[in-house]
Amino acid sequence: MRAFAQADRFVSEVEARKLRPVYVFVGDEVFFRKRCRDAVLQYLVPSDLREFSLFEFDLSETDLAEVLDRARTPSLMAPFQVFFVRGVKNLFGRGSNEDKLKAIEEYAKDPNPDAVLIFVADHISIPADARRIDLTDKERYERIRETMGRYCAIVELGRVEEGDAVRWIQEYCCTCEVKIEADAARELVDSLGGDMMMISNELEKLILYVGEKKRITLGDVETMVLAAKQRSLYELTDAISARDRVRALEMLDAMLSSGNGDEAAIGHLYMLAKTFRQMLVILERNVRDQRMLWAALWQGFRVPPFAADDIIRQARRYKSKRELTRAIRLVAKADLALRSNPPTKRLVPSRYQTLQTLSAGFDIG
């Protein structure tokens, strides 16, 4: 698995204590950064000496000269020191930065043998397919390789291909003596957009959830993982935006029949309203691709990565803001009925003909 190789190599170097004096972690994949950090803590930093062994700096707050001076100074309290240095982009800001890079090079040529410097370039995103890297990120990465790469070891922490993520899930479950169905592993990866940190966190929850059953099914993933529930929601909004009334009602019935069923109806309506509001913003700002989408939707109002293309396509099926505004009002009407005194939560959407109205193109009153 290519994406795991560089992190594995670093971990093996840490374990064998065959370290380079300076490393640069390039990439924003938190899963691998945590894996490398955990190895450093396990093999290089005794827990009782952590206060004297582990140091973290940010170049936006601390001058590089101070960091290098601290790294050169042997510790009287700890046999080995580790320095994590964030804010690498400050080494490549406006103006001349040759002096800073030269200082790192000089340290790398004559380092403190009882210390390791780890620069964290997490302002760069490396996709699973390196050919699809953003042009700005590509330029930043090449600049690091052409300068720091001459005297520092670069560890690439990129995103994981979905197939590799599925294999990792299966292998990890085997080490925990838990069986996971192939469909369940695939759904976990698909619903979380290949984000390995989220995948590993949700997998731990699933393992605890199944307990002595020691088997994770597709139903378990759909019940426990919020993003998997969201996938079903986007399938529902896809049917609604396509005016496919039959498929919309089938999707609704499936959602109410799984997990908490009727008790989750209010949550489904909340997510449905949020999705239509996102579509409204997409339509208002004429969003046509993912780059425009991330700019249009603010933090806390963004969609999961797996749904980006879907929601853009669905929003563009609507011809006017009026259609989406009416959809939001209809969902609000159903939500009010649910919270009042409904005879049954399953009947409320059909009682007010919300989904029929939306899926039929607003021709039903």
# chains A, B, ... in the order shown; residues from 1 in each chain; ligands from 1
call {"tool": "select_by_dssp", "arguments": {"residues": "segment 33-65 of chain A", "states": "alpha helix (DSSP H)", "output": "list in words"}}
result
Arg33, Lys34, Arg35, Cys36, Arg37, Asp38, Ala39, Val40, Leu41, Gln42, Tyr43, Arg50, Glu51, Phe52, Ser53, Leu64 and Ala65 of chain A
call {"tool": "write_last_selection", "arguments": {"atoms": "C-alpha atoms", "output": "mmCIF file, in the first residue's frame"}}
result
data_model
loop_
_atom_site.group_PDB
_atom_site.id
_atom_site.type_symbol
_atom_site.label_atom_id
_atom_site.label_comp_id
_atom_site.auth_asym_id
_atom_site.auth_seq_id
_atom_site.Cartn_x
_atom_site.Cartn_y
_atom_site.Cartn_z
ATOM 1 C CA ARG A 33 1.206 12.216 11.234
ATOM 2 C CA LYS A 34 -0.290 10.745 14.391
ATOM 3 C CA ARG A 35 1.195 7.348 13.540
ATOM 4 C CA CYS A 36 4.654 8.883 13.220
ATOM 5 C CA ARG A 37 4.234 10.975 16.350
ATOM 6 C CA ASP A 38 3.080 7.963 18.373
ATOM 7 C CA ALA A 39 6.207 6.074 17.284
ATOM 8 C CA VAL A 40 8.391 8.983 18.410
ATOM 9 C CA LEU A 41 6.699 9.060 21.804
ATOM 10 C CA GLN A 42 6.945 5.304 22.218
ATOM 11 C CA TYR A 43 10.586 4.831 21.270
ATOM 12 C CA ARG A 50 8.446 14.071 28.365
ATOM 13 C CA GLU A 51 8.622 17.562 29.838
ATOM 14 C CA PHE A 52 12.368 17.633 29.106
ATOM 15 C CA SER A 53 12.383 15.592 25.887
ATOM 16 C CA LEU A 64 13.822 29.785 13.640
ATOM 17 C CA ALA A 65 17.143 30.812 15.215
#
call {"tool": "residues_around", "arguments": {"residues": "Tyr107 of chain A", "least_positions_apart": "3", "cutoff": "9 Å", "atoms": "only C-alpha atoms", "output": "ChimeraX atom specification"}}
result
/A:21-22,68,71-72,102-104,110-112
call {"tool": "residues_around", "arguments": {"residues": "segment 171-188 of chain A", "least_positions_apart": "3", "cutoff": "8 Å", "atoms": "only C-alpha atoms", "output": "number ranges by chain"}}
result
A: 166-168, 191-192, 199, 207, 214-221, 225, 228
call {"tool": "select_by_dssp", "arguments": {"residues": "segment 81-277 of chain A", "states": "strand (DSSP E or B)", "output": "ChimeraX atom specification"}}
result
/A:81-86,115-121,153-156,179-180,215-216
call {"tool": "residues_around", "arguments": {"residues": "Leu236 of chain A", "least_positions_apart": "2", "cutoff": "7 Å", "atoms": "only C-alpha atoms", "output": "number ranges by chain"}}
result
A: 232-234, 238-240, 248, 251-252
call {"tool": "write_last_selection", "arguments": {"atoms": "C-alpha atoms", "output": "PDB file, in the first residue's frame"}}
result
ATOM      1  CA  SER A 232     -28.533   7.789   2.419  1.00  0.00           C
ATOM      2  CA  LEU A 233     -29.745  11.360   2.819  1.00  0.00           C
ATOM      3  CA  TYR A 234     -27.965  12.474  -0.359  1.00  0.00           C
ATOM      4  CA  ASP A 238     -30.977  12.942  -5.444  1.00  0.00           C
ATOM      5  CA  ALA A 239     -34.323  11.199  -5.961  1.00  0.00           C
ATOM      6  CA  ILE A 240     -36.203  14.356  -4.922  1.00  0.00           C
ATOM      7  CA  ALA A 248     -37.758   9.103  -2.933  1.00  0.00           C
ATOM      8  CA  MET A 251     -35.426   5.816   0.249  1.00  0.00           C
ATOM      9  CA  LEU A 252     -37.406   7.480   3.040  1.00  0.00           C
TER      10      LEU A 252
END
call {"tool": "residues_around", "arguments": {"residues": "segment 73-75 of chain A", "least_positions_apart": "4", "cutoff": "8 Å", "atoms": "only C-alpha atoms", "output": "count of residues only"}}
result
7
call {"tool": "closest_residue", "arguments": {"among": "A:Met148, A:Phe83, A:Asp310, A:His123", "to": "Thr136 of chain A", "atoms": "only C-alpha atoms"}}
result
A:His123
call {"tool": "closest_residue", "arguments": {"among": "A:Ala115, A:Val85, A:Ala295, A:Ile154", "to": "Leu59 of chain A", "atoms": "only C-alpha atoms"}}
result
A:Val85
call {"tool": "atom_distance", "arguments": {"atom1": "atom CA of Pro46 of chain A", "atom2": "atom CA of Ala153 of chain A"}}
result
24.1 Å
